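The structure appears right after this line, and notes come after that.
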Amino acid sequence: MLLQAGDSPRGRDFGARWGDVIFAIERTAEELLAKKRDIQRRATAIGREAERIKLFAAVQPIKGETTDIARARRDYLRELVTPEAALVFFGHFSRLDLSQVDPEEPYLKVLDERATDEQRGCRAIAALDELLGSRRGTATIADAAVEFSQSELTPQIVGTGREVAKGLAEIFASGAADGFLITPTHFPGTFDEFGRAVIPHLQELGVFKTEYSGTTLRGNLGIG
């Protein structure tokens, strides 16, 4: 099975031609659906059966015994991201050399002085600009880097296990995603917690299987 990631036009063409599963990081269900339709359009244009290509969305669930506890965990996790680590992390994804930058420099000033037109068009910066919105004009480069590093722009679903399951089920039912890839907040517990706290609710909602008839991953995904 070939899982394709990469959102450039060339990457989408590759995924449409060869991919079995497309990995997507998008902020909304509408953006996921738009990407899915674009991949399907490209696949149809070269003679592939577009419906056999699956799109899996990256999500970062943050769970708690109550909604307030889940929100408190989200806030705590944010506090763990130091400006120093965030600058290194964001610099890697944006291809910007931030090693000598004052963390208190305005974000837009750093982009003006250090980012090429190509770098400004990269997904990391473009998506971060959209996420920051009106804060772009007041954010420091450290503020922006921390915002990026909290989940690498992966959408977070925060709540109880039932609430997380409901959020995932709504995206799935809309047709925007055929499945999900879980971005962990910590190791090694994230996946075990998801299995115990979220999967049972997904099964109750009828969107997660309780048994499998196929003997291979391809077969169970319907891409045989």
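Labels used: A, B, ... for chains in the order of the structure tokens, numbers from 1 for residues in each chain, and numbers from 1 for ligands as shown.
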
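Residue-level DSSP output for stretch 157-199 of chain A, from the backbone, shows alpha helix (DSSP H) at A:Gly161, A:Arg162, A:Glu163, A:Val164, A:Ala165, A:Lys166, A:Gly167, A:Leu168, A:Ala169, A:Glu170, A:Ile171, A:Phe172, A:Ala173, A:Gly189, A:Thr190, A:Phe191, A:Asp192, A:Glu193, A:Phe194, A:Gly195, A:Arg196, A:Ala197, A:Ile199.
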
Item to complete: May I have all residues of stretch 5-176 of chain A that DSSP, computed from the backbone, assigns to strand (DSSP E), given as JSON, numbers by chain?
Response: {"A": [21, 22, 23, 24, 54, 55, 56, 57, 58, 59, 60, 61, 62, 63, 156, 157, 158, 159]}

Discussion item. I want to know what sits within 6 Å of stretch 58-65 of chain A, based on only C-alpha atoms, with residues of the same chain fewer than 5 positions away left out; could you give that as a list in words?
Written reply: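 Skipping anything fewer than 5 positions along the chain leaves Ile25, Ala70, Thr154, Pro155, Gln156, Ile157, Val158, Gly159, Thr160, Gly161, Phe180, Leu181, Ile182 and Thr183 of chain A.
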
Discussion item. Env of A:Leu77: 10 Å cut, atoms = only C-alpha atoms, seq-sep filter 2 positions within chain, self excluded. Answer as a PyMOL selection string.
Written reply: chain A and resi 62+71-75+79-81+150-151+185-186

Discussion item. Would you pick out the contacts of A:Asp38 at 10 Å or less, using only C-alpha atoms, so that residues sharing its chain but fewer than 6 positions from it are not included, and give the list as number ranges by chain?
Written reply: A: 12-13, 16, 32, 44

Got time to write the residues from that selection, all heavy atoms, as a PDB file, in the first residue's frame?
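Generated output (result-v1.pdb):
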```pdb
ATOM      1  N   ARG A  12       0.312  16.276  -5.495  1.00  0.00           N
ATOM      2  CA  ARG A  12      -1.067  15.826  -5.726  1.00  0.00           C
ATOM      3  C   ARG A  12      -1.172  14.984  -6.996  1.00  0.00           C
ATOM      4  O   ARG A  12      -1.908  13.996  -7.031  1.00  0.00           O
ATOM      5  CB  ARG A  12      -2.008  17.025  -5.800  1.00  0.00           C
ATOM      6  CG  ARG A  12      -2.188  17.734  -4.467  1.00  0.00           C
ATOM      7  CD  ARG A  12      -3.356  18.683  -4.489  1.00  0.00           C
ATOM      8  NE  ARG A  12      -3.528  19.359  -3.213  1.00  0.00           N
ATOM      9  CZ  ARG A  12      -4.639  19.965  -2.814  1.00  0.00           C
ATOM     10  NH1 ARG A  12      -5.694  19.978  -3.630  1.00  0.00           N
ATOM     11  NH2 ARG A  12      -4.726  20.559  -1.644  1.00  0.00           N
ATOM     12  N   ASP A  13      -0.432  15.370  -8.031  1.00  0.00           N
ATOM     13  CA  ASP A  13      -0.429  14.563  -9.249  1.00  0.00           C
ATOM     14  C   ASP A  13       0.126  13.173  -8.975  1.00  0.00           C
ATOM     15  O   ASP A  13      -0.400  12.174  -9.472  1.00  0.00           O
ATOM     16  CB  ASP A  13       0.413  15.254 -10.332  1.00  0.00           C
ATOM     17  CG  ASP A  13      -0.324  16.391 -11.013  1.00  0.00           C
ATOM     18  OD1 ASP A  13      -1.575  16.439 -10.925  1.00  0.00           O
ATOM     19  OD2 ASP A  13       0.346  17.242 -11.631  1.00  0.00           O
ATOM     20  N   ALA A  16      -2.457  11.187  -7.046  1.00  0.00           N
ATOM     21  CA  ALA A  16      -3.576  10.791  -7.909  1.00  0.00           C
ATOM     22  C   ALA A  16      -3.203   9.626  -8.816  1.00  0.00           C
ATOM     23  O   ALA A  16      -4.025   8.774  -9.131  1.00  0.00           O
ATOM     24  CB  ALA A  16      -4.028  11.983  -8.741  1.00  0.00           C
ATOM     25  N   LEU A  32     -10.670  19.663   3.718  1.00  0.00           N
ATOM     26  CA  LEU A  32     -10.403  18.246   3.442  1.00  0.00           C
ATOM     27  C   LEU A  32     -11.186  17.783   2.225  1.00  0.00           C
ATOM     28  O   LEU A  32     -10.642  17.104   1.343  1.00  0.00           O
ATOM     29  CB  LEU A  32     -10.793  17.394   4.647  1.00  0.00           C
ATOM     30  CG  LEU A  32      -9.853  17.375   5.842  1.00  0.00           C
ATOM     31  CD1 LEU A  32     -10.527  16.685   7.016  1.00  0.00           C
ATOM     32  CD2 LEU A  32      -8.542  16.681   5.501  1.00  0.00           C
ATOM     33  N   THR A  44      -9.186  10.765 -12.064  1.00  0.00           N
ATOM     34  CA  THR A  44     -10.110  10.479 -13.168  1.00  0.00           C
ATOM     35  C   THR A  44      -9.521  10.897 -14.500  1.00  0.00           C
ATOM     36  O   THR A  44      -9.671  10.203 -15.515  1.00  0.00           O
ATOM     37  CB  THR A  44     -11.446  11.201 -12.925  1.00  0.00           C
ATOM     38  OG1 THR A  44     -12.022  10.728 -11.707  1.00  0.00           O
ATOM     39  CG2 THR A  44     -12.412  10.957 -14.074  1.00  0.00           C
TER      40      THR A  44
END
```

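For the pair atom CA of A:Val110 and atom CA of A:Gly133, the interatomic distance is 16.8 Å.
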
Worksheet item: In terms of the shortest atom-to-atom distance over only C-alpha atoms, which of A:Leu205, A:Val101, A:Ile141, A:Ile171 is closest to A:Leu55?
Response: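 Of the candidates, the smallest distance to A:Leu55 is held by A:Ile171.
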